[in-house]
Amino acid sequence: MGGRSGMGRAAPGWMVVFDLDDTLYLERDFAFSGYRHLEQVVAAQSGVRGFGAACRALFEAGVRRHVFDRACAELGLAAGPERIAQLVAGYRAHRPEIALCPDAARYLAQAPGPLGLITDGPENTQRNKITALGLQALIRHIRATGTWGAGYGKPHPRAFQEMEDKAPPGARLAYVADNPAKDFVTPRARGWTAVQILRPGAVHDPEPPDAAHAAHLRIHSLDQLDPALAAWTAV
């Protein structure tokens, strides 16, 4: 899925490619938006209220699996496979109410430069997020790996190869993401610079399983990105 006309800033001499979830916005905000949507769906179907609040409370307690099953159990709703499948489908397909993190909005809005995006997940879900965040106007090269079907999500190299093919001649490439379990091993192996952003409230464990999965650089805000890349270049 390609962006239409947007540019955005990158450090001189670099093509910066971003992850989406917990990199440019907080993934929990998508979850909370989905729970609000399902609150209305469940109330309309069953007359039972509180589903969205139950899901959010479970999320904030650290529950990441079987949230809908547990919320149904708490409210006395039958949680058979058909109901759960409908809830999952509604959650993934809803039009999210989300916003860029302030530092991401600042970075993407600045002077022109080559930017890319690689994001995993169901195609329609990621497309809805990209649209809600207005990223088509800010990032030129957008790749939702779900467009290709199963098996091409990170760490598969296909999306990284695509970004290499789109990079200006001589540009260095950086991938900015949050999840060391899958985000950095492939770009590192291909000679990219891996940058991990550490956001409070992020969903994934920030610690890498081994050195091959670790980022070269760690930052807490995209305001730190260009200086970090400049310092890395100078090493």
# chains A, B, ... in the order shown; residues from 1 in each chain; ligands from 1
>>> select_by_dssp(residues="region 40-213 of chain A", states="strand (DSSP E)", output="JSON, numbers by chain")
{"A": [115, 116, 117, 118, 119, 141, 142, 143, 144, 172, 173, 174, 175, 176, 177, 193, 194, 195, 196, 197]}
>>> residues_around(residues="His204 (chain A)", least_positions_apart="4", cutoff="9 Å", atoms="only C-alpha atoms", output="VMD selection string")
chain A and resid 22 178 to 181
>>> write_last_selection(atoms="N, CA and C atoms", output="mmCIF file, in the first residue's frame")
data_model
loop_
_atom_site.group_PDB
_atom_site.id
_atom_site.type_symbol
_atom_site.label_atom_id
_atom_site.label_comp_id
_atom_site.auth_asym_id
_atom_site.auth_seq_id
_atom_site.Cartn_x
_atom_site.Cartn_y
_atom_site.Cartn_z
ATOM 1 N N ASP A 22 3.048 1.381 18.556
ATOM 2 C CA ASP A 22 3.946 1.735 19.657
ATOM 3 C C ASP A 22 5.226 2.404 19.182
ATOM 4 N N ASP A 178 9.766 -0.732 17.944
ATOM 5 C CA ASP A 178 9.700 -0.911 19.398
ATOM 6 C C ASP A 178 9.953 -2.329 19.867
ATOM 7 N N ASN A 179 9.713 -3.341 19.031
ATOM 8 C CA ASN A 179 9.643 -4.720 19.501
ATOM 9 C C ASN A 179 10.874 -5.521 19.098
ATOM 10 N N PRO A 180 11.823 -5.731 20.015
ATOM 11 C CA PRO A 180 13.047 -6.445 19.629
ATOM 12 C C PRO A 180 12.834 -7.912 19.303
ATOM 13 N N ALA A 181 11.704 -8.476 19.650
ATOM 14 C CA ALA A 181 11.464 -9.882 19.331
ATOM 15 C C ALA A 181 11.434 -10.124 17.823
#
>>> residues_around(residues="Ala71 (chain A)", least_positions_apart="2", cutoff="12 Å", atoms="only C-alpha atoms", output="MDAnalysis selection string")
chainID A and resid 35 38:39 42 48:59 63 65:69 73:79 84 87
>>> write_last_selection(atoms="N, CA and C atoms", output="short mmCIF file (atom, residue, chain, number, x, y, z; two decimals), in the first residue's frame")
data_model
loop_
_atom_site.label_atom_id
_atom_site.label_comp_id
_atom_site.auth_asym_id
_atom_site.auth_seq_id
_atom_site.Cartn_x
_atom_site.Cartn_y
_atom_site.Cartn_z
N TYR A 35 -12.34 -1.25 22.18
CA TYR A 35 -13.21 -1.62 23.29
C TYR A 35 -14.43 -0.69 23.35
N LEU A 38 -16.80 -1.89 20.70
CA LEU A 38 -17.48 -3.13 21.06
C LEU A 38 -18.49 -2.91 22.19
N GLU A 39 -18.27 -1.92 23.02
CA GLU A 39 -19.26 -1.59 24.04
C GLU A 39 -20.61 -1.32 23.40
N VAL A 42 -22.02 -4.72 21.74
CA VAL A 42 -22.54 -5.69 22.72
C VAL A 42 -23.83 -5.17 23.35
N VAL A 48 -26.64 -5.68 27.45
CA VAL A 48 -25.69 -5.67 28.57
C VAL A 48 -24.68 -4.56 28.35
N ARG A 49 -24.47 -3.75 29.36
CA ARG A 49 -23.51 -2.66 29.28
C ARG A 49 -22.29 -2.98 30.14
N GLY A 50 -21.18 -2.32 29.82
CA GLY A 50 -19.96 -2.49 30.59
C GLY A 50 -18.91 -3.35 29.92
N PHE A 51 -19.19 -3.84 28.70
CA PHE A 51 -18.21 -4.72 28.05
C PHE A 51 -16.91 -3.98 27.77
N GLY A 52 -17.00 -2.78 27.22
CA GLY A 52 -15.79 -2.02 26.91
C GLY A 52 -14.97 -1.73 28.15
N ALA A 53 -15.65 -1.35 29.23
CA ALA A 53 -14.94 -1.06 30.48
C ALA A 53 -14.28 -2.31 31.04
N ALA A 54 -14.95 -3.44 30.92
CA ALA A 54 -14.37 -4.70 31.41
C ALA A 54 -13.12 -5.05 30.62
N CYS A 55 -13.15 -4.88 29.30
CA CYS A 55 -11.98 -5.15 28.46
C CYS A 55 -10.83 -4.23 28.84
N ARG A 56 -11.13 -2.96 29.02
CA ARG A 56 -10.06 -2.01 29.35
C ARG A 56 -9.45 -2.33 30.70
N ALA A 57 -10.27 -2.68 31.67
CA ALA A 57 -9.74 -3.03 32.99
C ALA A 57 -8.82 -4.24 32.90
N LEU A 58 -9.20 -5.23 32.11
CA LEU A 58 -8.34 -6.40 31.92
C LEU A 58 -7.02 -6.02 31.27
N PHE A 59 -7.09 -5.18 30.23
CA PHE A 59 -5.88 -4.74 29.55
C PHE A 59 -4.96 -4.01 30.53
N VAL A 63 -3.58 -8.15 31.12
CA VAL A 63 -4.11 -9.27 30.34
C VAL A 63 -4.02 -8.93 28.86
N ARG A 65 -4.30 -11.81 26.43
CA ARG A 65 -4.89 -12.94 25.71
C ARG A 65 -6.26 -13.24 26.29
N HIS A 66 -7.19 -13.62 25.40
CA HIS A 66 -8.54 -14.02 25.80
C HIS A 66 -9.27 -12.91 26.56
N VAL A 67 -8.99 -11.66 26.18
CA VAL A 67 -9.64 -10.52 26.84
C VAL A 67 -11.15 -10.59 26.66
N PHE A 68 -11.61 -10.89 25.45
CA PHE A 68 -13.05 -10.90 25.19
C PHE A 68 -13.73 -12.04 25.93
N ASP A 69 -13.09 -13.20 25.97
CA ASP A 69 -13.66 -14.33 26.72
C ASP A 69 -13.84 -13.95 28.19
N ALA A 73 -17.24 -13.47 30.46
CA ALA A 73 -17.46 -14.23 31.69
C ALA A 73 -17.81 -13.30 32.85
N GLU A 74 -17.13 -12.17 32.94
CA GLU A 74 -17.40 -11.24 34.03
C GLU A 74 -18.81 -10.67 33.96
N LEU A 75 -19.33 -10.53 32.74
CA LEU A 75 -20.65 -9.93 32.55
C LEU A 75 -21.76 -10.96 32.39
N GLY A 76 -21.41 -12.24 32.47
CA GLY A 76 -22.41 -13.28 32.35
C GLY A 76 -22.90 -13.50 30.94
N LEU A 77 -22.08 -13.14 29.96
CA LEU A 77 -22.45 -13.34 28.56
C LEU A 77 -21.88 -14.66 28.06
N ALA A 78 -22.65 -15.37 27.24
CA ALA A 78 -22.14 -16.59 26.62
C ALA A 78 -20.97 -16.23 25.71
N ALA A 79 -19.89 -17.00 25.78
CA ALA A 79 -18.67 -16.67 25.03
C ALA A 79 -18.27 -17.83 24.13
N ILE A 84 -17.13 -14.86 20.01
CA ILE A 84 -15.76 -14.36 20.10
C ILE A 84 -15.25 -13.98 18.73
N LEU A 87 -16.69 -10.67 17.81
CA LEU A 87 -16.05 -9.58 18.55
C LEU A 87 -14.68 -9.26 17.98
#
>>> residues_around(residues="Arg28 (chain A)", least_positions_apart="4", cutoff="8 Å", atoms="only C-alpha atoms", output="PyMOL selection string")
chain A and resi 32+201-203
>>> select_by_dssp(residues="region 88-186 of chain A", states="alpha helix (DSSP H)", output="number ranges by chain")
A: 88-93, 102-109, 123-133, 158-166, 185-186
>>> write_last_selection(atoms="C-alpha atoms", output="PDB file, in the first residue's frame")
ATOM      1  CA  VAL A  88     -12.573 -10.081  17.093  1.00  0.00           C
ATOM      2  CA  ALA A  89     -13.807  -9.197  13.614  1.00  0.00           C
ATOM      3  CA  GLY A  90     -15.549  -6.059  14.883  1.00  0.00           C
ATOM      4  CA  TYR A  91     -12.485  -5.006  16.847  1.00  0.00           C
ATOM      5  CA  ARG A  92     -10.167  -5.411  13.870  1.00  0.00           C
ATOM      6  CA  ALA A  93     -12.496  -3.705  11.389  1.00  0.00           C
ATOM      7  CA  PRO A 102       3.310  14.377  19.804  1.00  0.00           C
ATOM      8  CA  ASP A 103       6.980  13.730  18.988  1.00  0.00           C
ATOM      9  CA  ALA A 104       5.956  11.620  15.980  1.00  0.00           C
ATOM     10  CA  ALA A 105       3.667  14.377  14.714  1.00  0.00           C
ATOM     11  CA  ARG A 106       6.526  16.879  15.038  1.00  0.00           C
ATOM     12  CA  TYR A 107       9.010  14.642  13.244  1.00  0.00           C
ATOM     13  CA  LEU A 108       6.776  13.688  10.356  1.00  0.00           C
ATOM     14  CA  ALA A 109       5.610  17.271   9.767  1.00  0.00           C
ATOM     15  CA  GLU A 123      -4.354  -5.485   6.135  1.00  0.00           C
ATOM     16  CA  ASN A 124      -7.675  -3.735   6.752  1.00  0.00           C
ATOM     17  CA  THR A 125      -6.833  -3.079  10.403  1.00  0.00           C
ATOM     18  CA  GLN A 126      -3.490  -1.493   9.557  1.00  0.00           C
ATOM     19  CA  ARG A 127      -5.020   0.430   6.646  1.00  0.00           C
ATOM     20  CA  ASN A 128      -7.630   1.898   9.004  1.00  0.00           C
ATOM     21  CA  LYS A 129      -4.891   2.952  11.434  1.00  0.00           C
ATOM     22  CA  ILE A 130      -2.836   4.547   8.667  1.00  0.00           C
ATOM     23  CA  THR A 131      -5.889   6.451   7.444  1.00  0.00           C
ATOM     24  CA  ALA A 132      -6.884   7.580  10.934  1.00  0.00           C
ATOM     25  CA  LEU A 133      -3.367   8.926  11.530  1.00  0.00           C
ATOM     26  CA  ARG A 158      10.548  -8.840   1.672  1.00  0.00           C
ATOM     27  CA  ALA A 159       9.396  -5.458   3.017  1.00  0.00           C
ATOM     28  CA  PHE A 160      12.950  -4.410   3.871  1.00  0.00           C
ATOM     29  CA  GLN A 161      14.089  -5.306   0.362  1.00  0.00           C
ATOM     30  CA  GLU A 162      11.256  -3.188  -1.029  1.00  0.00           C
ATOM     31  CA  MET A 163      12.380  -0.182   1.014  1.00  0.00           C
ATOM     32  CA  GLU A 164      15.978  -0.670  -0.118  1.00  0.00           C
ATOM     33  CA  ASP A 165      14.774  -0.569  -3.714  1.00  0.00           C
ATOM     34  CA  LYS A 166      12.987   2.742  -3.033  1.00  0.00           C
ATOM     35  CA  VAL A 185      17.048  -8.868  13.461  1.00  0.00           C
ATOM     36  CA  THR A 186      16.418  -8.567   9.711  1.00  0.00           C
TER      37      THR A 186
END
>>> residues_around(residues="region 209-226 of chain A", least_positions_apart="4", cutoff="9 Å", atoms="only C-alpha atoms", output="PyMOL selection string")
chain A and resi 10-12+24+103-104+106-107+176+180-186+188-189+193-200+230-232
>>> closest_residue(among="A:Ala31, A:Leu20, A:Met15, A:Val41", to="Ala144 (chain A)", atoms="only C-alpha atoms")
A:Leu20
>>> closest_residue(among="A:Ala44, A:Glu207, A:Gly34, A:Trp192", to="Leu229 (chain A)", atoms="only C-alpha atoms")
A:Trp192
>>> atom_distance(atom1="CA of Asp29 (chain A)", atom2="CA of Gln110 (chain A)")
24.4 Å
